[in-house]
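Structure file target.csv (CSV, C-alpha atoms and all ligand atoms) follows.
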chain,number,residue,atom,x,y,z
K,440,MET,CA,48.2,14.2,18.1
K,441,SER,CA,45.8,16.4,20.1
K,442,ALA,CA,44.0,19.4,18.7
K,443,PRO,CA,45.4,23.0,19.3
K,444,THR,CA,43.2,26.0,20.2
K,445,ILE,CA,42.8,27.5,16.7
K,446,GLY,CA,42.1,31.1,17.8
K,447,LYS,CA,45.5,31.4,19.4
K,448,LEU,CA,47.4,30.4,16.4
K,449,ASN,CA,49.2,32.5,13.9
K,450,GLN,CA,47.1,33.0,10.7
K,451,GLN,CA,49.7,31.1,8.7
K,452,THR,CA,49.2,28.1,10.9
K,453,GLN,CA,45.4,28.6,10.8
K,454,CYS,CA,45.6,28.1,7.1
K,455,ILE,CA,47.0,24.7,7.7
K,456,ALA,CA,44.9,23.7,10.7
K,457,LEU,CA,41.4,24.8,9.6
K,458,GLY,CA,38.8,22.8,7.6
K,459,ARG,CA,40.3,19.4,8.1
K,460,VAL,CA,37.5,17.7,10.2
K,461,ALA,CA,33.8,17.7,9.3
K,462,PRO,CA,31.8,19.9,11.7
K,463,LEU,CA,29.9,18.1,14.6
K,464,ASN,CA,32.7,15.5,14.9
K,465,GLY,CA,32.1,14.3,11.4
K,466,THR,CA,29.1,12.2,12.5
K,467,ALA,CA,26.7,13.1,9.7
K,468,LYS,CA,25.9,10.0,7.6
K,469,THR,CA,25.7,10.3,3.8
K,470,ALA,CA,24.4,7.8,1.4
K,471,SER,CA,27.6,7.9,-0.6
K,472,LEU,CA,31.1,8.2,0.8
K,473,PRO,CA,32.9,11.5,0.6
K,474,VAL,CA,35.8,11.9,-1.8
K,475,TYR,CA,38.9,11.2,0.2
K,476,GLN,CA,41.8,13.2,-1.2
K,477,ALA,CA,44.5,11.8,0.9
K,478,SER,CA,48.3,11.2,0.8
K,479,THR,CA,48.8,11.3,4.5
K,480,ILE,CA,46.7,9.2,6.9
K,481,LEU,CA,46.8,10.6,10.5
K,482,PHE,CA,46.9,8.6,13.7
K,483,ASP,CA,45.9,9.9,17.1
K,484,THR,CA,48.8,8.1,18.8
K,485,VAL,CA,52.1,6.6,17.9
K,486,GLU,CA,50.7,3.3,19.2
K,487,GLU,CA,47.9,3.4,16.6
K,488,LEU,CA,50.5,4.1,13.9
K,489,GLY,CA,52.5,1.1,15.0
K,490,GLN,CA,49.4,-1.1,15.2
K,491,SER,CA,48.6,-0.3,11.5
K,492,GLN,CA,52.1,-1.4,10.5
K,493,ARG,CA,51.7,-4.6,12.4
K,494,ASP,CA,48.3,-5.3,10.9
K,495,TYR,CA,49.7,-4.7,7.4
K,496,ALA,CA,52.6,-7.1,8.0
K,497,GLN,CA,50.2,-9.8,9.0
K,498,GLY,CA,48.3,-9.4,5.8
K,499,PHE,CA,45.3,-7.5,7.1
K,500,GLU,CA,43.8,-4.4,5.5
K,501,SER,CA,45.0,-1.3,7.3
K,502,TYR,CA,45.5,2.4,6.8
K,503,SER,CA,49.0,3.5,6.7
K,504,TYR,CA,49.6,5.9,3.8
K,505,GLY,CA,47.2,7.2,1.0
K,506,ARG,CA,48.9,5.1,-1.7
K,507,LYS,CA,48.0,1.9,0.2
K,508,GLY,CA,44.4,2.9,0.7
K,509,THR,CA,42.0,5.5,1.9
K,510,PRO,CA,38.5,4.9,3.4
K,511,SER,CA,36.9,5.2,0.0
K,512,SER,CA,39.5,3.3,-2.0
K,513,LEU,CA,39.4,0.4,0.5
K,514,ALA,CA,35.6,0.5,0.4
K,515,LEU,CA,35.8,0.1,-3.4
K,516,CYS,CA,38.4,-2.7,-3.1
K,517,GLU,CA,36.1,-4.6,-0.7
K,518,ALA,CA,33.1,-4.1,-3.0
K,519,LEU,CA,35.1,-5.4,-6.0
K,520,ALA,CA,36.4,-8.4,-4.1
K,521,ALA,CA,33.0,-9.3,-2.9
K,522,LEU,CA,31.3,-8.9,-6.3
K,523,GLU,CA,33.9,-11.0,-8.0
K,524,GLY,CA,33.9,-13.6,-5.2
K,525,GLY,CA,37.6,-13.2,-4.5
K,526,HIS,CA,39.6,-12.7,-1.3
K,527,ALA,CA,41.0,-9.2,-1.9
K,528,ALA,CA,41.1,-6.5,-4.6
K,529,PHE,CA,43.7,-3.9,-5.5
K,530,ILE,CA,42.8,-0.9,-7.7
K,531,MET,CA,45.2,1.0,-9.9
K,532,SER,CA,45.6,3.5,-12.7
K,533,SER,CA,44.3,1.4,-15.6
K,534,GLY,CA,43.2,-2.0,-16.8
K,535,LEU,CA,46.5,-2.4,-18.4
K,536,ALA,CA,48.2,-1.6,-15.1
K,537,ALA,CA,46.1,-4.4,-13.6
K,538,ILE,CA,47.3,-6.9,-16.2
K,539,SER,CA,51.0,-6.0,-15.8
K,540,THR,CA,50.7,-6.1,-12.0
K,541,ALA,CA,49.0,-9.4,-12.0
K,542,LEU,CA,51.6,-10.9,-14.3
K,543,LEU,CA,54.5,-9.4,-12.5
K,544,SER,CA,53.2,-10.8,-9.2
K,545,GLN,CA,53.9,-14.3,-10.5
K,546,VAL,CA,57.0,-14.3,-12.8
K,547,SER,CA,60.7,-14.1,-12.5
K,548,ALA,CA,63.6,-14.2,-15.0
K,549,GLY,CA,63.7,-17.6,-16.7
K,550,ASP,CA,60.0,-18.3,-16.3
K,551,HIS,CA,57.5,-19.3,-19.0
K,552,ILE,CA,53.9,-18.2,-19.3
K,553,LEU,CA,51.0,-19.3,-21.5
K,554,VAL,CA,48.9,-16.5,-23.0
K,555,VAL,CA,45.7,-16.9,-25.0
K,556,ASP,CA,46.2,-16.0,-28.6
K,557,SER,CA,43.1,-13.8,-28.7
K,558,ALA,CA,44.2,-11.6,-25.8
K,559,TYR,CA,43.8,-7.8,-25.7
K,560,GLY,CA,46.5,-6.3,-27.9
K,561,PRO,CA,48.4,-4.4,-25.2
K,562,THR,CA,48.6,-7.6,-23.1
K,563,ARG,CA,50.5,-9.2,-26.0
K,564,ALA,CA,52.7,-6.1,-26.3
K,565,LEU,CA,53.6,-6.4,-22.6
K,566,CYS,CA,54.5,-10.1,-23.0
K,567,ASP,CA,56.5,-9.6,-26.1
K,568,GLY,CA,58.2,-6.4,-24.8
K,569,LEU,CA,58.8,-5.8,-21.1
K,570,LEU,CA,58.3,-9.4,-20.0
K,571,ALA,CA,60.5,-10.7,-22.8
K,572,ARG,CA,63.2,-8.2,-21.9
K,573,MET,CA,63.1,-9.4,-18.3
K,574,GLY,CA,63.7,-13.0,-19.4
K,575,VAL,CA,60.1,-14.2,-19.3
K,576,ARG,CA,59.1,-16.3,-22.3
K,577,SER,CA,55.5,-16.3,-23.6
K,578,THR,CA,53.8,-19.0,-25.7
K,579,TYR,CA,50.5,-18.1,-27.3
K,580,TYR,CA,47.9,-20.8,-27.2
K,581,ASP,CA,44.7,-21.5,-29.2
K,582,PRO,CA,41.7,-20.2,-27.3
K,583,LEU,CA,39.9,-23.5,-28.1
K,584,ILE,CA,42.6,-25.6,-26.5
K,585,GLY,CA,40.6,-26.5,-23.3
K,586,ALA,CA,42.2,-29.4,-21.3
K,587,GLY,CA,44.7,-29.8,-24.1
K,588,ILE,CA,46.7,-26.9,-22.5
K,589,ALA,CA,48.3,-29.7,-20.4
K,590,ASP,CA,50.6,-30.4,-23.4
K,591,LEU,CA,52.0,-26.9,-23.4
K,592,ILE,CA,52.9,-26.7,-19.7
K,593,GLU,CA,56.6,-26.8,-19.2
K,594,GLU,CA,58.6,-27.3,-16.1
K,595,ASN,CA,59.0,-23.5,-15.6
K,596,THR,CA,55.5,-22.5,-16.7
K,597,ARG,CA,54.1,-20.2,-13.9
K,598,VAL,CA,51.0,-18.6,-15.4
K,599,ILE,CA,48.2,-19.3,-17.8
K,600,PHE,CA,46.7,-15.9,-18.9
K,601,MET,CA,43.1,-16.1,-20.2
K,602,GLU,CA,40.6,-13.7,-21.7
K,603,SER,CA,37.2,-15.1,-22.5
K,604,PRO,CA,35.7,-14.1,-24.8
K,605,GLY,CA,38.6,-12.5,-26.6
K,606,SER,CA,37.6,-8.9,-26.8
K,607,LEU,CA,38.3,-8.6,-30.6
K,608,THR,CA,37.4,-12.0,-32.0
K,609,PHE,CA,35.1,-13.4,-29.3
K,610,GLU,CA,36.3,-16.9,-29.0
K,611,LEU,CA,35.3,-18.5,-25.6
K,612,GLN,CA,37.6,-20.6,-23.6
K,613,ASP,CA,36.8,-23.6,-21.5
K,614,ILE,CA,37.9,-21.9,-18.3
K,615,PRO,CA,37.0,-24.7,-15.9
K,616,ALA,CA,38.9,-27.3,-17.9
K,617,ILE,CA,42.0,-25.1,-18.2
K,618,CYS,CA,41.9,-24.2,-14.4
K,619,ARG,CA,41.6,-27.9,-13.5
K,620,VAL,CA,44.7,-28.7,-15.4
K,621,ALA,CA,46.5,-25.7,-14.0
K,622,ALA,CA,45.7,-26.6,-10.5
K,623,GLU,CA,47.0,-30.1,-11.0
K,624,ARG,CA,50.2,-28.8,-12.4
K,625,GLY,CA,50.7,-26.0,-9.9
K,626,VAL,CA,50.3,-23.2,-12.5
K,627,VAL,CA,48.5,-20.0,-11.5
K,628,THR,CA,45.6,-18.9,-13.7
K,629,ILE,CA,44.8,-15.2,-14.5
K,630,LEU,CA,41.6,-14.2,-16.3
K,631,ASP,CA,40.9,-10.8,-17.9
K,632,ASN,CA,37.1,-10.8,-17.0
K,633,THR,CA,36.4,-7.4,-18.4
K,634,TRP,CA,33.8,-8.5,-21.1
K,635,ALA,CA,31.6,-10.4,-18.7
K,636,THR,CA,32.2,-8.3,-15.6
K,637,PRO,CA,31.8,-9.9,-12.1
K,638,LEU,CA,28.1,-10.1,-12.7
K,639,PHE,CA,28.1,-12.4,-15.8
K,640,PHE,CA,31.1,-14.7,-15.2
K,641,LYS,CA,31.9,-16.0,-11.7
K,642,ALA,CA,35.6,-16.5,-12.3
K,643,PHE,CA,36.6,-17.8,-8.8
K,644,SER,CA,33.9,-20.4,-8.7
K,645,HIS,CA,35.2,-21.7,-12.1
K,646,GLY,CA,38.6,-22.1,-10.5
K,647,VAL,CA,40.5,-18.9,-11.6
K,648,ASP,CA,43.2,-17.7,-9.1
K,649,ILE,CA,43.5,-14.0,-10.1
K,650,VAL,CA,41.0,-11.9,-12.0
K,651,ILE,CA,41.7,-8.6,-13.7
K,652,GLN,CA,39.0,-6.0,-14.6
K,653,ALA,CA,39.5,-3.0,-16.8
K,654,VAL,CA,37.3,-0.9,-14.4
K,655,THR,CA,37.4,1.7,-17.2
K,656,LYS,CA,34.8,-0.3,-19.1
K,657,TYR,CA,31.5,-1.4,-17.5
K,658,LEU,CA,32.3,-0.9,-13.8
K,659,GLY,CA,33.1,2.8,-14.4
K,660,GLY,CA,30.5,2.8,-17.1
K,661,HIS,CA,30.6,6.5,-18.1
K,662,SER,CA,33.7,6.9,-20.3
K,663,ASP,CA,35.2,9.4,-17.9
K,664,VAL,CA,37.6,7.4,-15.8
K,665,LEU,CA,40.5,5.0,-16.3
K,666,MET,CA,41.0,2.3,-13.6
K,667,GLY,CA,42.0,-1.3,-13.3
K,668,ALA,CA,41.5,-3.9,-10.5
K,669,VAL,CA,43.3,-7.1,-9.7
K,670,ILE,CA,41.2,-9.4,-7.6
K,671,ALA,CA,43.0,-12.4,-6.0
K,672,ASN,CA,42.1,-15.6,-4.2
K,673,LYS,CA,43.4,-16.2,-0.7
K,674,ASN,CA,46.6,-18.0,-1.9
K,675,GLN,CA,47.6,-15.2,-4.2
K,676,HIS,CA,46.5,-12.1,-2.5
K,677,LEU,CA,49.7,-11.3,-0.6
K,678,LYS,CA,51.8,-11.8,-3.8
K,679,VAL,CA,49.5,-9.4,-5.7
K,680,ARG,CA,49.5,-6.9,-2.8
K,681,ALA,CA,53.3,-6.9,-2.6
K,682,THR,CA,53.6,-6.3,-6.3
K,683,ALA,CA,50.9,-3.7,-6.5
K,684,HIS,CA,52.3,-1.8,-3.6
K,685,GLY,CA,55.9,-2.4,-4.7
K,686,LEU,CA,55.1,-0.8,-8.0
K,687,GLY,CA,53.3,2.1,-6.3
K,688,GLN,CA,50.0,1.3,-8.0
K,689,PHE,CA,47.0,3.3,-6.7
K,690,ALA,CA,43.9,5.1,-7.8
K,691,GLY,CA,43.0,8.7,-6.9
K,692,GLY,CA,40.1,9.9,-4.7
K,693,ASP,CA,38.0,11.5,-7.5
K,694,ASP,CA,38.4,8.4,-9.7
K,695,VAL,CA,37.4,6.1,-6.8
K,696,ALA,CA,34.3,8.2,-6.1
K,697,MET,CA,33.3,8.1,-9.8
K,698,VAL,CA,33.7,4.3,-9.9
K,699,LEU,CA,31.7,3.8,-6.7
K,700,ARG,CA,29.0,5.8,-8.4
K,701,GLY,CA,29.2,3.8,-11.6
K,702,LEU,CA,28.9,0.6,-9.6
K,703,ARG,CA,25.4,1.6,-8.3
K,704,THR,CA,23.9,1.2,-11.8
K,705,LEU,CA,26.2,-1.6,-13.1
K,706,SER,CA,23.5,-4.2,-13.0
K,707,VAL,CA,20.7,-2.1,-14.7
K,708,ARG,CA,23.2,-0.8,-17.3
K,709,LEU,CA,24.4,-4.3,-18.1
K,710,ARG,CA,20.9,-5.7,-18.6
K,711,GLU,CA,20.2,-2.8,-21.0
K,712,HIS,CA,23.5,-3.3,-22.9
K,713,GLU,CA,22.8,-7.0,-23.0
K,714,LYS,CA,19.2,-6.7,-24.4
K,715,ASN,CA,20.1,-4.1,-27.0
K,716,ALA,CA,23.3,-5.8,-28.1
K,717,LEU,CA,21.5,-9.1,-28.6
K,718,ALA,CA,18.7,-7.6,-30.5
K,719,ILE,CA,21.2,-5.8,-32.8
K,720,ALA,CA,23.4,-8.9,-33.2
K,721,GLN,CA,20.3,-11.0,-34.2
K,722,TRP,CA,19.3,-8.3,-36.7
K,723,PHE,CA,22.8,-8.2,-38.2
K,724,GLU,CA,22.7,-12.0,-38.7
K,725,ARG,CA,19.7,-11.5,-41.0
K,726,GLN,CA,21.3,-8.9,-43.2
K,727,PRO,CA,22.5,-10.0,-46.6
K,728,GLN,CA,25.7,-7.9,-46.3
K,729,VAL,CA,26.8,-9.8,-43.2
K,730,GLU,CA,28.8,-13.0,-43.3
K,731,ARG,CA,29.0,-13.7,-39.6
K,732,VAL,CA,28.2,-12.2,-36.2
K,733,LEU,CA,30.6,-12.9,-33.4
K,734,HIS,CA,28.5,-12.9,-30.2
K,735,PRO,CA,28.7,-15.7,-27.7
K,736,ALA,CA,25.0,-15.6,-26.8
K,737,LEU,CA,24.0,-16.3,-30.4
K,738,LEU,CA,23.2,-20.0,-31.3
K,739,SER,CA,25.5,-19.6,-34.3
K,740,HIS,CA,28.5,-18.9,-32.1
K,741,PRO,CA,30.9,-21.9,-32.3
K,742,GLN,CA,31.3,-22.0,-28.5
K,743,HIS,CA,27.7,-21.0,-27.6
K,744,ASP,CA,27.4,-24.2,-25.4
K,745,LEU,CA,30.3,-23.0,-23.2
K,746,TRP,CA,28.6,-19.6,-22.9
K,747,LYS,CA,25.4,-21.3,-21.8
K,748,ARG,CA,27.1,-23.5,-19.4
K,749,ASP,CA,29.4,-20.9,-17.7
K,750,PHE,CA,28.0,-17.4,-18.1
K,751,GLU,CA,25.1,-15.6,-16.4
K,752,GLY,CA,24.6,-13.1,-19.2
K,753,SER,CA,26.2,-11.3,-22.1
K,754,SER,CA,27.4,-7.7,-22.4
K,755,GLY,CA,27.2,-5.1,-25.1
K,756,LEU,CA,30.3,-5.8,-27.2
K,757,PHE,CA,30.4,-8.1,-30.3
K,758,GLY,CA,31.8,-8.3,-33.8
K,759,VAL,CA,30.4,-8.3,-37.3
K,760,VAL,CA,32.2,-9.9,-40.2
K,761,PHE,CA,31.0,-8.5,-43.6
K,762,LYS,CA,30.9,-10.4,-46.8
K,763,SER,CA,34.1,-10.4,-48.8
K,764,GLU,CA,32.7,-8.2,-51.6
K,765,TYR,CA,32.7,-5.2,-49.3
K,766,SER,CA,36.1,-3.5,-49.2
K,767,VAL,CA,37.7,-2.0,-46.2
K,768,LYS,CA,37.3,1.4,-47.7
K,769,SER,CA,33.5,0.9,-48.1
K,770,VAL,CA,33.1,-0.4,-44.5
K,771,ASP,CA,35.2,2.6,-43.3
K,772,LYS,CA,32.9,4.9,-45.1
K,773,MET,CA,29.9,3.3,-43.5
K,774,LEU,CA,31.4,3.9,-40.0
K,775,ASP,CA,32.2,7.6,-40.9
K,776,GLY,CA,28.5,8.1,-41.7
K,777,TYR,CA,27.0,6.8,-38.4
K,778,HIS,CA,25.3,9.3,-36.1
K,779,HIS,CA,25.2,7.4,-32.9
K,780,PHE,CA,28.3,5.2,-33.1
K,781,GLY,CA,31.5,7.0,-32.2
K,782,ILE,CA,34.7,5.8,-33.8
K,783,GLY,CA,37.1,5.0,-31.0
K,784,TYR,CA,38.8,2.6,-28.7
K,785,SER,CA,37.4,1.4,-25.4
K,786,TRP,CA,33.8,0.3,-24.6
K,787,GLY,CA,31.6,-0.3,-21.6
K,788,GLY,CA,30.4,3.3,-21.4
K,789,PHE,CA,26.9,4.7,-21.9
K,790,GLU,CA,27.6,5.5,-25.6
K,791,SER,CA,27.7,3.3,-28.7
K,792,LEU,CA,31.0,2.8,-30.5
K,793,ALA,CA,32.2,1.2,-33.7
K,794,LEU,CA,35.8,0.1,-34.3
K,795,PRO,CA,37.1,-1.3,-37.6
K,796,VAL,CA,39.1,-4.5,-37.1
K,797,HIS,CA,41.2,-4.8,-40.2
K,798,ALA,CA,42.7,-7.9,-41.8
K,799,ASP,CA,46.2,-7.1,-40.4
K,800,ASP,CA,45.0,-7.4,-36.9
K,801,LEU,CA,43.1,-10.7,-37.7
K,802,ILE,CA,46.2,-12.3,-39.1
K,803,LYS,CA,48.3,-11.2,-36.1
K,804,ILE,CA,46.1,-12.9,-33.6
K,805,ARG,CA,45.7,-16.1,-35.7
K,806,ASN,CA,42.1,-16.5,-34.8
K,807,HIS,CA,39.5,-18.9,-36.0
K,808,LEU,CA,37.7,-16.7,-38.4
K,809,LYS,CA,39.8,-18.0,-41.3
K,810,SER,CA,38.7,-14.8,-43.0
K,811,THR,CA,40.3,-11.6,-44.1
K,812,ASN,CA,37.0,-9.9,-44.6
K,813,SER,CA,36.3,-6.5,-43.1
K,814,MET,CA,35.1,-6.7,-39.5
K,815,VAL,CA,33.7,-4.2,-37.2
K,816,ARG,CA,33.5,-4.4,-33.4
K,817,TYR,CA,30.3,-2.8,-32.0
K,818,GLN,CA,29.8,-1.5,-28.5
K,819,ILE,CA,26.0,-1.1,-28.0
K,820,GLY,CA,25.3,1.8,-25.6
K,821,LEU,CA,22.3,2.9,-23.8
K,822,GLU,CA,20.6,4.9,-26.6
K,823,HIS,CA,17.1,3.8,-27.7
K,824,LEU,CA,17.2,0.6,-29.8
K,825,ASP,CA,15.1,2.2,-32.6
K,826,ASP,CA,17.6,5.0,-33.1
K,827,LEU,CA,20.5,2.6,-33.2
K,828,MET,CA,18.8,0.3,-35.6
K,829,ALA,CA,17.9,3.1,-37.9
K,830,ASP,CA,21.5,4.3,-37.9
K,831,LEU,CA,22.9,0.8,-38.6
K,832,ALA,CA,20.3,0.1,-41.3
K,833,SER,CA,21.1,3.3,-43.2
K,834,GLY,CA,24.8,2.4,-42.8
K,835,LEU,CA,24.4,-1.0,-44.5
K,836,LYS,CA,22.7,0.7,-47.4
K,837,LYS,CA,25.9,2.7,-48.0
K,838,LEU,CA,28.0,-0.4,-48.4
K,839,ASP,CA,29.2,-1.0,-52.0
L,901,LIG,C1,40.3,-1.9,-22.3
L,901,LIG,C2,40.8,-3.2,-21.9
L,901,LIG,C3,41.8,-3.4,-21.0
L,901,LIG,C4,42.7,-2.2,-20.6
L,901,LIG,O1,42.0,-1.3,-19.8
L,901,LIG,P1,42.5,0.2,-19.7
L,901,LIG,O2,41.8,0.7,-18.5
L,901,LIG,O3,42.1,0.9,-21.0
L,901,LIG,O4,44.0,0.2,-19.6
L,901,LIG,C5,42.2,-4.6,-20.7
L,901,LIG,N1,41.5,-5.7,-21.1
L,901,LIG,C6,40.5,-5.6,-22.0
L,901,LIG,C7,39.8,-6.8,-22.4
L,901,LIG,C8,40.1,-4.4,-22.4
L,901,LIG,O5,39.1,-4.3,-23.3
Rewrite the coordinates I just gave you, this time as structure tokens.
Amino acid sequence: MSAPTIGKLNQQTQCIALGRVAPLNGTAKTASLPVYQASTILFDTVEELGQSQRDYAQGFESYSYGRKGTPSSLALCEALAALEGGHAAFIMSSGLAAISTALLSQVSAGDHILVVDSAYGPTRALCDGLLARMGVRSTYYDPLIGAGIADLIEENTRVIFMESPGSLTFELQDIPAICRVAAERGVVTILDNTWATPLFFKAFSHGVDIVIQAVTKYLGGHSDVLMGAVIANKNQHLKVRATAHGLGQFAGGDDVAMVLRGLRTLSVRLREHEKNALAIAQWFERQPQVERVLHPALLSHPQHDLWKRDFEGSSGLFGVVFKSEYSVKSVDKMLDGYHHFGIGYSWGGFESLALPVHADDLIKIRNHLKSTNSMVRYQIGLEHLDDLMADLASGLKKLD
């Protein structure tokens, strides 16, 4: 396509033709990429259009249509793949979309998958609902199973789905041991790496095949965007790509720009979340109202050794189990009274949150707490530690 002389055009056509290329041939450099709002990608010649299709067919990155990538969305994909240490990344509408896409890239009717018992609730709902309806059977395994997972692998087992730590109950899994068994038996491993982020757990170097990130959490980091990413190794990337693109998964230009912006401060934010969460977790451990604190970086965590061996850091999400004399009602009242801890789902943003985890949930996920006590999941945000501590201390005084 070559450019028309605008002045000679009908005004109606001018409305279409104007303002589509940055002045001065678009050569100004900016520190951040512009927001690309694109459905259609334009090619100068039919030959270039054809070349992009041939590149795609050969498995290369290429521009063809907005849904399959724009300059900024592919830049974000490249950044996520590099950070995680994978071969290629695909972004989509939510973390849950990333989980469903990763699973659907591997299974067919009649297949069997192994899913960790402590997995994120909606992951379980997907397995028990949509996947079951499609003829895929799920077996939930003990997060502490390690190499013992070999005994659960059946002839038609295609996937081991892991999440470590579990984002409600914080059990750690021996990921390298599970991945070694999976590789021997030809089973694909998928890890939900949202808690640790690519900075604190190097999933691919521990043997994982496919990583999912709820980008909504730390990568976005500002509680203003929903996005998910599937990052695959070289062997799995075309399967994941075919599924992501077949399902029509994509992320919009504004969201991509917000996540690229979030990424710039990921490392400094995480260190602050880590520092404050550890200080608060240690403080909770010393309080008489508290039975246990579920934080992998604490010496008291039953799988602390695995954390020390495999992780580069800890993030800002952990659990507190209160002593049995404190009723659900009394713990709920404490949460209602906080000033800095919002009551709500999600985490990984700048703000602190508290979420009650009631006994019903605990029984459902058959965890290792062996306890029906009240439990609260805390996300420690970027407020000053003193203010958070004061809020938590006055909360504890209200427990009865
Ligand atoms: C929040 C979360 C997800 C889902 O992410 P959304 O973007 O909210 O869909 C997946 N896994 C874990 C561990 C999460 O905490």
**OP:** Name all residues at most 6 Å from K:Leu792 (count only C-alpha atoms; drop same-chain ones fewer than 2 positions away) and give them as a ChimeraX atom specification.
**Re:** /K:780-782,817-818
Keeping only C-alpha atoms, take the residues you just selected and write them out as a short mmCIF file (atom, residue, chain, number, x, y, z; two decimals), in the frame of the given file.
data_model
loop_
_atom_site.label_atom_id
_atom_site.label_comp_id
_atom_site.auth_asym_id
_atom_site.auth_seq_id
_atom_site.Cartn_x
_atom_site.Cartn_y
_atom_site.Cartn_z
CA PHE K 780 28.30 5.20 -33.10
CA GLY K 781 31.50 7.00 -32.20
CA ILE K 782 34.70 5.80 -33.80
CA TYR K 817 30.30 -2.80 -32.00
CA GLN K 818 29.80 -1.50 -28.50
#
Subject >> Surrounding residues of K:Lys772 excluding itself and chain neighbours under 4 positions, 9 Å, only C-alpha atoms, as an MDAnalysis selection string >> reply: chainID K and resid 767:768 776 834 837:838
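Interatomic distance, atom CA of K:Lys762 to atom CA of K:Gln726: 10.4 Å.
Counting only C-alpha atoms and comparing K:Gly758, K:Gly549, K:Gly788, K:Pro735, the residue that lies closest to K:Asp663 is K:Gly788.
The gap separating atom C6 of ligand LIG 901 (chain L) from atom CA of K:Pro637 is 13.9 Å, in Å to one decimal.
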**OP:** Find the residues near K:Asp581: any atom within 12 Å, counting all atoms listed in the file, skip ones fewer than 3 places away on the same chain, and give them as a PyMOL selection string.
**Re:** chain K and resi 553-558+578+584-588+591+600-603+605+610-613+617+804-807
When you look at K:Leu686 with a cut-off of 10 Å (counting all atoms listed in the file), what residues show up, excluding the ones that are within fewer than 5 positions of it in the same chain? I need them as a compact mmCIF listing (two decimals) with C-alpha atoms, in the coordinates of the input.
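So around12.txt came out as:
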# COMPACT_ATOMS: atom_id res chain seq x y z
CA ALA K 536 48.20 -1.60 -15.10
CA THR K 540 50.70 -6.10 -12.00
CA LEU K 543 54.50 -9.40 -12.50
CA ARG K 680 49.50 -6.90 -2.80
CA ALA K 681 53.30 -6.90 -2.60
Produce a table with one row for each residue of chain K that has an atom at most 9 Å from any atom of ligand LIG 901 (chain L), each row naming the nearest atom pair and its distance in Å at one decimal; use all atoms listed in the file; arrange rows by chain and rising residue number; format as JSON lines.
{"residue": "K:Ser532", "atom": "CA", "partner": "L:LIG901", "partner_atom": "O2", "distance": 7.5}
{"residue": "K:Ser533", "atom": "CA", "partner": "L:LIG901", "partner_atom": "O2", "distance": 3.9}
{"residue": "K:Gly534", "atom": "CA", "partner": "L:LIG901", "partner_atom": "O1", "distance": 3.3}
{"residue": "K:Leu535", "atom": "CA", "partner": "L:LIG901", "partner_atom": "O4", "distance": 3.8}
{"residue": "K:Ala536", "atom": "CA", "partner": "L:LIG901", "partner_atom": "O4", "distance": 6.4}
{"residue": "K:Ala537", "atom": "CA", "partner": "L:LIG901", "partner_atom": "O4", "distance": 7.8}
{"residue": "K:Ile538", "atom": "CA", "partner": "L:LIG901", "partner_atom": "C5", "distance": 7.2}
{"residue": "K:Ala558", "atom": "CA", "partner": "L:LIG901", "partner_atom": "C7", "distance": 7.3}
{"residue": "K:Tyr559", "atom": "CA", "partner": "L:LIG901", "partner_atom": "C7", "distance": 5.3}
{"residue": "K:Gly560", "atom": "CA", "partner": "L:LIG901", "partner_atom": "C6", "distance": 8.4}
{"residue": "K:Pro561", "atom": "CA", "partner": "L:LIG901", "partner_atom": "C4", "distance": 7.6}
{"residue": "K:Thr562", "atom": "CA", "partner": "L:LIG901", "partner_atom": "C5", "distance": 7.5}
{"residue": "K:Glu602", "atom": "CA", "partner": "L:LIG901", "partner_atom": "C7", "distance": 7.0}
{"residue": "K:Ser603", "atom": "CA", "partner": "L:LIG901", "partner_atom": "C7", "distance": 8.7}
{"residue": "K:Pro604", "atom": "CA", "partner": "L:LIG901", "partner_atom": "C7", "distance": 8.7}
{"residue": "K:Gly605", "atom": "CA", "partner": "L:LIG901", "partner_atom": "C7", "distance": 7.2}
{"residue": "K:Ser606", "atom": "CA", "partner": "L:LIG901", "partner_atom": "C7", "distance": 5.3}
{"residue": "K:Leu607", "atom": "CA", "partner": "L:LIG901", "partner_atom": "O5", "distance": 8.5}
{"residue": "K:Asp631", "atom": "CA", "partner": "L:LIG901", "partner_atom": "N1", "distance": 6.1}
{"residue": "K:Asn632", "atom": "CA", "partner": "L:LIG901", "partner_atom": "C7", "distance": 7.2}
{"residue": "K:Thr633", "atom": "CA", "partner": "L:LIG901", "partner_atom": "C7", "distance": 5.3}
{"residue": "K:Trp634", "atom": "CA", "partner": "L:LIG901", "partner_atom": "C7", "distance": 6.4}
{"residue": "K:Ile651", "atom": "CA", "partner": "L:LIG901", "partner_atom": "N1", "distance": 8.0}
{"residue": "K:Gln652", "atom": "CA", "partner": "L:LIG901", "partner_atom": "N1", "distance": 7.0}
{"residue": "K:Ala653", "atom": "CA", "partner": "L:LIG901", "partner_atom": "O1", "distance": 4.3}
{"residue": "K:Val654", "atom": "CA", "partner": "L:LIG901", "partner_atom": "O2", "distance": 6.3}
{"residue": "K:Thr655", "atom": "CA", "partner": "L:LIG901", "partner_atom": "O2", "distance": 4.7}
{"residue": "K:Lys656", "atom": "CA", "partner": "L:LIG901", "partner_atom": "C1", "distance": 6.6}
{"residue": "K:Val664", "atom": "CA", "partner": "L:LIG901", "partner_atom": "O2", "distance": 8.4}
{"residue": "K:Leu665", "atom": "CA", "partner": "L:LIG901", "partner_atom": "O2", "distance": 5.0}
{"residue": "K:Met666", "atom": "CA", "partner": "L:LIG901", "partner_atom": "O2", "distance": 5.2}
{"residue": "K:Gly667", "atom": "CA", "partner": "L:LIG901", "partner_atom": "O2", "distance": 5.6}
{"residue": "K:Tyr784", "atom": "CA", "partner": "L:LIG901", "partner_atom": "C1", "distance": 8.0}
{"residue": "K:Ser785", "atom": "CA", "partner": "L:LIG901", "partner_atom": "C1", "distance": 5.4}
{"residue": "K:Trp786", "atom": "CA", "partner": "L:LIG901", "partner_atom": "O5", "distance": 7.1}
{"residue": "K:Gly787", "atom": "CA", "partner": "L:LIG901", "partner_atom": "O5", "distance": 8.7}
